[in-house]
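Asks: Handing you a structure now.
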Amino acid sequence: MNSFTYTGLPARVVFGVGTTAALPDEVGALGIKKALVLTTTHQKAEGEALAEILGNASAGVFSEAAMHTPVEVTERAMAAFKTAGADGIVSIGGGSTIGLGKAIALRNDAPQVVLPTSYAGSEMTPIIGQTEAGKKTTQRTLKVLPETVIYDVNFTLTLPPKMTVTSGMNAIAHAVEALYAQEANPVLSLMAEDGIAKMTSALARVQEAPADIDARSDALYGAWLCAVCLGSGGVALHHKLCHVLGGSFDLPHAETHTVILPHALAYNAPAIPRAMEALRRATESDKPAAALFQIAQSAGVPTSLEELGMPQDGIARAVDITLENPYFNPRALERDALVTLLENAWHGHEPA
Ligand code: NAD
């Protein structure tokens, strides 16, 4: 076995169906006396239900969480936290709501209990992205890593089928890149392979029956494993392209991951024989990149950058930005091959 470095991140995970019942105990175990519950407007009812479960330990609900963690929303949340005399955070939602909780913790070190309802995986990472005056900056600090994560499968039953697939592909992307990133190691590879296997099999089943508890359970468990990969592992070309397309062309987060992943994987395939072996096992296919493309295609979610509103004449600029400040990648970044990759992704061609 080759030598490696593995960094485990401290987090307590409670997983299952109906695990929300453990919320008061989990909040108490962190020494929180009054928790401010965070949600988006869309999930306010879920936030109110949690506040009720918390009873006297609730400091109310702040329901203004928004995409890209705008600093002005964080400032309003900080004011609500102070006014309510809160000393801890309970976040229920996807990456946007979890991002708001992290932004508060960054400023006041408040302990966080997080109940994820999508598969984006922010709950397992020490990463926080924030937007101020239209500019997004990202930093990595253990201050923002949630102390406790309660995965309750019940909250994922309402995730709409199309968002299930794009959010699931977002999760799979974290695990795929953990298999061949510079920080790859055998422990994370175990988690990555099982995370991809659980998620790919669950996505097909959830399309048939969105409220199937077993399928939803596998999807959420897979999402957790994939999230650990994002928090402890590394990323490569796929994430770089998604950051460029999201940051410079304002393309939507999970959908962009869904479109790019099969193409980024096909680009790297010749340089990553061991990762491809793991991916063939996980996807039960001889052609993992094509298999991932087909998951998106059969679910009817966008498979082309054109559908996401990317201008075709922006491809050269996207490649320039990618090459300006590249991430580690197992295959050398070749301008012409990257243009072809993005052209294929723009048209929505199925990769080999
Ligand atoms: P999101 O949190 O923006 O959610 C989109 C919408 O779906 C929201 O209105 C939300 O309330 C709703 N929703 C979420 N779960 C639902 C459910 N189960 N049922 C019904 N509606 C539900 O989307 P996301 O994809 O979860 O998160 C994306 C954001 O997270 C991006 O801004 C991304 O940058 C960030 N992110 C950060 C990290 C990190 O490590 N910092 C990791 C992954 C994603």
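Ligands are numbered from 1 in the order shown, residues from 1 within each chain, and chains are lettered A, B, ... in the order they appear in the structure tokens.
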Would you give me, as JSON, numbers by chain, the residues in region 13-100 of chain A that DSSP reads as alpha helix (DSSP H)?
Replies: {"A": [23, 24, 25, 26, 27, 28, 29, 44, 45, 46, 47, 48, 49, 50, 51, 52, 53, 54, 71, 72, 73, 74, 75, 76, 77, 78, 79, 80, 81, 82, 83, 95, 96, 97, 98, 99, 100]}
Asks: Those same residues, written as a compact mmCIF listing (two decimals), in the first residue's frame with N, CA and C atoms?
Replies:
```
# COMPACT_ATOMS: atom_id res chain seq x y z
N LEU A 23 -33.62 15.82 18.59
CA LEU A 23 -33.15 17.21 18.54
C LEU A 23 -32.97 17.86 19.92
N PRO A 24 -33.97 17.80 20.81
CA PRO A 24 -33.78 18.47 22.11
C PRO A 24 -32.55 17.93 22.86
N ASP A 25 -32.36 16.62 22.84
CA ASP A 25 -31.19 16.04 23.53
C ASP A 25 -29.89 16.48 22.88
N GLU A 26 -29.87 16.51 21.56
CA GLU A 26 -28.64 16.88 20.85
C GLU A 26 -28.29 18.36 21.09
N VAL A 27 -29.32 19.19 21.12
CA VAL A 27 -29.11 20.62 21.40
C VAL A 27 -28.57 20.78 22.83
N GLY A 28 -29.20 20.06 23.76
CA GLY A 28 -28.79 20.12 25.16
C GLY A 28 -27.36 19.62 25.36
N ALA A 29 -27.00 18.56 24.61
CA ALA A 29 -25.65 17.97 24.77
C ALA A 29 -24.56 18.97 24.37
N LYS A 44 -40.13 27.32 5.84
CA LYS A 44 -40.44 27.94 7.14
C LYS A 44 -41.28 27.02 8.04
N ALA A 45 -42.22 26.28 7.42
CA ALA A 45 -43.10 25.42 8.23
C ALA A 45 -42.28 24.36 8.96
N GLU A 46 -41.27 23.79 8.26
CA GLU A 46 -40.40 22.79 8.90
C GLU A 46 -39.64 23.43 10.07
N GLY A 47 -39.20 24.67 9.86
CA GLY A 47 -38.48 25.38 10.93
C GLY A 47 -39.37 25.61 12.14
N GLU A 48 -40.62 25.98 11.87
CA GLU A 48 -41.55 26.22 12.99
C GLU A 48 -41.84 24.93 13.75
N ALA A 49 -41.90 23.83 13.01
CA ALA A 49 -42.13 22.54 13.68
C ALA A 49 -40.94 22.22 14.61
N LEU A 50 -39.74 22.53 14.17
CA LEU A 50 -38.57 22.27 15.02
C LEU A 50 -38.60 23.17 16.26
N ALA A 51 -39.01 24.45 16.06
CA ALA A 51 -39.07 25.37 17.19
C ALA A 51 -40.05 24.83 18.24
N GLU A 52 -41.13 24.22 17.76
CA GLU A 52 -42.11 23.67 18.69
C GLU A 52 -41.51 22.48 19.46
N ILE A 53 -40.78 21.63 18.73
CA ILE A 53 -40.14 20.48 19.39
C ILE A 53 -39.15 20.97 20.46
N LEU A 54 -38.48 22.09 20.16
CA LEU A 54 -37.47 22.61 21.10
C LEU A 54 -38.11 23.27 22.32
N VAL A 71 -24.11 38.52 2.50
CA VAL A 71 -23.68 39.06 3.80
C VAL A 71 -24.81 39.87 4.46
N GLU A 72 -25.64 40.54 3.65
CA GLU A 72 -26.71 41.34 4.28
C GLU A 72 -27.73 40.45 5.00
N VAL A 73 -27.97 39.24 4.48
CA VAL A 73 -28.88 38.31 5.17
C VAL A 73 -28.21 37.84 6.48
N THR A 74 -26.91 37.56 6.41
CA THR A 74 -26.20 37.12 7.62
C THR A 74 -26.27 38.21 8.69
N GLU A 75 -26.16 39.48 8.26
CA GLU A 75 -26.20 40.56 9.26
C GLU A 75 -27.57 40.63 9.93
N ARG A 76 -28.64 40.42 9.14
CA ARG A 76 -29.98 40.41 9.75
C ARG A 76 -30.12 39.21 10.70
N ALA A 77 -29.56 38.07 10.29
CA ALA A 77 -29.64 36.87 11.15
C ALA A 77 -28.85 37.08 12.45
N MET A 78 -27.70 37.76 12.35
CA MET A 78 -26.90 38.05 13.54
C MET A 78 -27.70 38.93 14.51
N ALA A 79 -28.43 39.89 13.95
CA ALA A 79 -29.24 40.79 14.79
C ALA A 79 -30.36 39.99 15.47
N ALA A 80 -31.00 39.08 14.70
CA ALA A 80 -32.09 38.26 15.27
C ALA A 80 -31.52 37.35 16.37
N PHE A 81 -30.33 36.82 16.15
CA PHE A 81 -29.67 35.93 17.12
C PHE A 81 -29.46 36.67 18.44
N LYS A 82 -28.97 37.91 18.32
CA LYS A 82 -28.66 38.71 19.51
C LYS A 82 -29.94 39.12 20.25
N THR A 83 -30.92 39.62 19.47
CA THR A 83 -32.18 40.08 20.08
C THR A 83 -32.87 38.96 20.84
N GLY A 95 -28.03 23.42 1.19
CA GLY A 95 -26.77 24.12 1.33
C GLY A 95 -26.91 25.61 1.65
N SER A 96 -27.99 26.24 1.17
CA SER A 96 -28.15 27.67 1.42
C SER A 96 -28.39 27.95 2.90
N THR A 97 -29.28 27.18 3.51
CA THR A 97 -29.58 27.38 4.93
C THR A 97 -28.38 26.99 5.80
N ILE A 98 -27.74 25.88 5.45
CA ILE A 98 -26.58 25.44 6.22
C ILE A 98 -25.48 26.50 6.12
N GLY A 99 -25.37 27.11 4.94
CA GLY A 99 -24.38 28.18 4.73
C GLY A 99 -24.63 29.37 5.66
N LEU A 100 -25.90 29.70 5.88
CA LEU A 100 -26.22 30.82 6.78
C LEU A 100 -25.79 30.48 8.21
```
Asks: Could you tell me, counting only C-alpha atoms and all ligand atoms, which protein and nucleic acid residues lie no more than 9 Å from ligand 1, written as an mmCIF file with C-alpha atoms, in the first residue's frame?
Replies:
```
data_model
loop_
_atom_site.group_PDB
_atom_site.id
_atom_site.type_symbol
_atom_site.label_atom_id
_atom_site.label_comp_id
_atom_site.auth_asym_id
_atom_site.auth_seq_id
_atom_site.Cartn_x
_atom_site.Cartn_y
_atom_site.Cartn_z
ATOM 1 C CA THR A 39 -34.629 28.030 7.179
ATOM 2 C CA THR A 40 -35.479 29.444 3.757
ATOM 3 C CA THR A 41 -38.908 31.046 3.305
ATOM 4 C CA HIS A 42 -39.863 27.891 1.401
ATOM 5 C CA GLN A 43 -39.140 25.626 4.401
ATOM 6 C CA LYS A 44 -40.441 27.939 7.136
ATOM 7 C CA ALA A 65 -31.711 31.984 4.179
ATOM 8 C CA ALA A 66 -30.831 32.526 0.507
ATOM 9 C CA MET A 67 -28.520 31.169 -2.220
ATOM 10 C CA HIS A 68 -24.829 32.119 -2.040
ATOM 11 C CA THR A 69 -25.000 33.314 1.608
ATOM 12 C CA ILE A 92 -32.864 22.853 8.594
ATOM 13 C CA GLY A 93 -32.554 22.826 4.813
ATOM 14 C CA GLY A 94 -30.138 22.537 1.934
ATOM 15 C CA GLY A 95 -26.766 24.121 1.331
ATOM 16 C CA SER A 96 -28.145 27.674 1.418
ATOM 17 C CA THR A 97 -29.579 27.382 4.928
ATOM 18 C CA ILE A 98 -26.579 25.443 6.221
ATOM 19 C CA GLY A 99 -24.378 28.181 4.727
ATOM 20 C CA LYS A 102 -21.961 28.549 9.124
ATOM 21 C CA PRO A 116 -29.881 18.497 5.995
ATOM 22 C CA THR A 117 -32.820 18.136 3.594
ATOM 23 C CA SER A 118 -30.902 17.989 0.298
ATOM 24 C CA TYR A 119 -27.804 16.052 -0.779
ATOM 25 C CA ALA A 120 -25.420 18.991 -1.341
ATOM 26 C CA GLY A 121 -23.200 18.026 1.616
ATOM 27 C CA SER A 122 -22.252 21.368 3.161
ATOM 28 C CA GLU A 123 -22.950 19.965 6.659
ATOM 29 C CA MET A 124 -19.751 17.864 6.592
ATOM 30 C CA THR A 125 -17.337 20.546 5.407
ATOM 31 C CA PRO A 126 -15.287 23.285 7.084
ATOM 32 C CA ILE A 127 -15.939 25.433 3.993
ATOM 33 C CA ILE A 128 -17.965 28.643 3.867
ATOM 34 C CA GLY A 129 -18.734 30.699 0.776
ATOM 35 C CA GLN A 130 -20.173 34.195 1.204
ATOM 36 C CA THR A 138 -14.715 31.093 0.090
ATOM 37 C CA GLN A 139 -12.722 30.159 3.148
ATOM 38 C CA ARG A 140 -11.911 26.990 5.063
ATOM 39 C CA ASN A 154 -38.346 11.966 6.532
ATOM 40 C CA PHE A 155 -37.258 15.491 5.566
ATOM 41 C CA THR A 156 -35.977 14.305 2.186
ATOM 42 C CA LEU A 157 -39.306 12.823 1.083
ATOM 43 C CA THR A 158 -40.424 16.251 -0.145
ATOM 44 C CA LEU A 159 -37.322 16.880 -2.233
ATOM 45 C CA PRO A 160 -38.799 17.211 -5.761
ATOM 46 C CA MET A 163 -33.894 18.382 -7.561
ATOM 47 C CA THR A 164 -33.269 14.925 -6.076
ATOM 48 C CA THR A 166 -29.308 17.252 -9.528
ATOM 49 C CA SER A 167 -28.592 17.351 -5.798
ATOM 50 C CA ASN A 170 -23.749 17.139 -6.905
ATOM 51 C CA ALA A 171 -23.046 14.662 -4.084
ATOM 52 C CA ALA A 227 -20.191 14.884 1.928
ATOM 53 C CA LEU A 230 -15.905 16.817 0.129
ATOM 54 C CA GLY A 231 -15.018 17.800 3.692
ATOM 55 C CA GLY A 246 -20.991 29.233 -11.476
ATOM 56 C CA PRO A 252 -27.015 27.131 -11.138
ATOM 57 C CA HIS A 253 -24.942 25.045 -8.675
ATOM 58 C CA ALA A 254 -26.377 21.506 -8.669
ATOM 59 C CA GLU A 255 -27.435 21.567 -12.338
#
```
Asks: Please identify the strand (DSSP E or B) residues within region 93-260 of chain A (assignment by DSSP from backbone atoms) and present them as a PyMOL selection string.
Replies: chain A and resi 93+112-116+127-132+135-140+148-152
Asks: Smallest atom-to-atom distance to Val187 (chain A): which of A:Val228, A:Leu237, A:Ala282, A:Ala345, using only C-alpha atoms?
Replies: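 Closest candidate: A:Val228.
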Asks: Mind checking which residues fall within 12 Å of Asp320 (chain A), counting only C-alpha atoms, ignoring those fewer than 3 positions away in the same chain, and posting them as a list in words?
Replies: Leu241, Val244, Leu245, Ser248, Gly314, Ile315, Ala316, Arg317, Leu323, Glu324, Asn325, Pro326, Leu333, Glu334, Arg335, Asp336, Leu338 and Val339 of chain A
Asks: Which residues are close to Ala110 (chain A), i.e. within 6 Å by only C-alpha atoms, leaving aside same-chain residues fewer than 2 positions away? Reply as a compact mmCIF listing (two decimals) with C-alpha atoms, in the first residue's frame.
Replies:
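Everything below was put into out_19.txt:
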```
# COMPACT_ATOMS: atom_id res chain seq x y z
CA GLY A 88 -26.78 28.18 19.36
CA ALA A 105 -20.74 30.48 13.52
CA ASN A 108 -19.63 34.23 16.93
```
Asks: Go through A:Leu251, A:Leu265, A:Ala337, A:Met276 one by one, measure the shortest atom-to-atom distance of each to Ser304 (chain A) using only C-alpha atoms, and give the residue with the smallest value.
Replies: A:Leu251
Asks: Near Leu190 (chain A), within 12 Å and counting only C-alpha atoms, which residues show up once chain neighbours fewer than 2 positions away are dropped, as a list of chain:residue names?
Replies: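 Everything that qualifies: A:Ala175, A:Val176, A:Ala178, A:Leu179, A:Ala184, A:Asn185, A:Pro186, A:Val187, A:Leu188, A:Ala192, A:Glu193, A:Asp194, A:Gly195, A:Ile196, A:Ala197, A:Gly222, A:Leu225, A:Cys226, A:Val228, A:Cys229, A:Ala275, A:Ala278, A:Leu279, A:Arg281, A:Ala282.
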Asks: Excluding region 6-20 of chain A and residues on its chain fewer than 4 positions from it, collect all residues at most 7 Å away from it, counting only C-alpha atoms, and give them as a PyMOL selection string.
Replies: chain A and resi 146-154+185+232
Asks: CA of Glu183 (chain A) to CA of Asn329 (chain A): how many Å, to one decimal?
Replies: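 Those two atoms sit 11.1 Å apart.
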Asks: Residues within 8 Å of Arg205 (chain A), please, as a short mmCIF file (atom, residue, chain, number, x, y, z; two decimals) with C-alpha atoms, in the first residue's frame. Count only C-alpha atoms; anything in the same chain fewer than 5 positions from it doesn't count.
Replies:
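And here's around_14.cif as it stands now:
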```
data_model
loop_
_atom_site.label_atom_id
_atom_site.label_comp_id
_atom_site.auth_asym_id
_atom_site.auth_seq_id
_atom_site.Cartn_x
_atom_site.Cartn_y
_atom_site.Cartn_z
CA PRO A 210 -40.26 9.53 -4.54
CA ASP A 212 -39.87 5.11 -0.91
CA ALA A 215 -34.50 4.38 -1.51
#
```
Asks: Kindly give the distance, in Å, that separates CA of Gln294 (chain A) and CA of Gly348 (chain A), rounded to a single decimal.
Replies: 11.1 Å
Asks: Which is closest to Glu343 (chain A) among A:Pro330, A:Gly247, A:Pro311, A:Gly85, if we use only C-alpha atoms?
Replies: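 Closest residue, counting only C-alpha atoms: A:Pro311.
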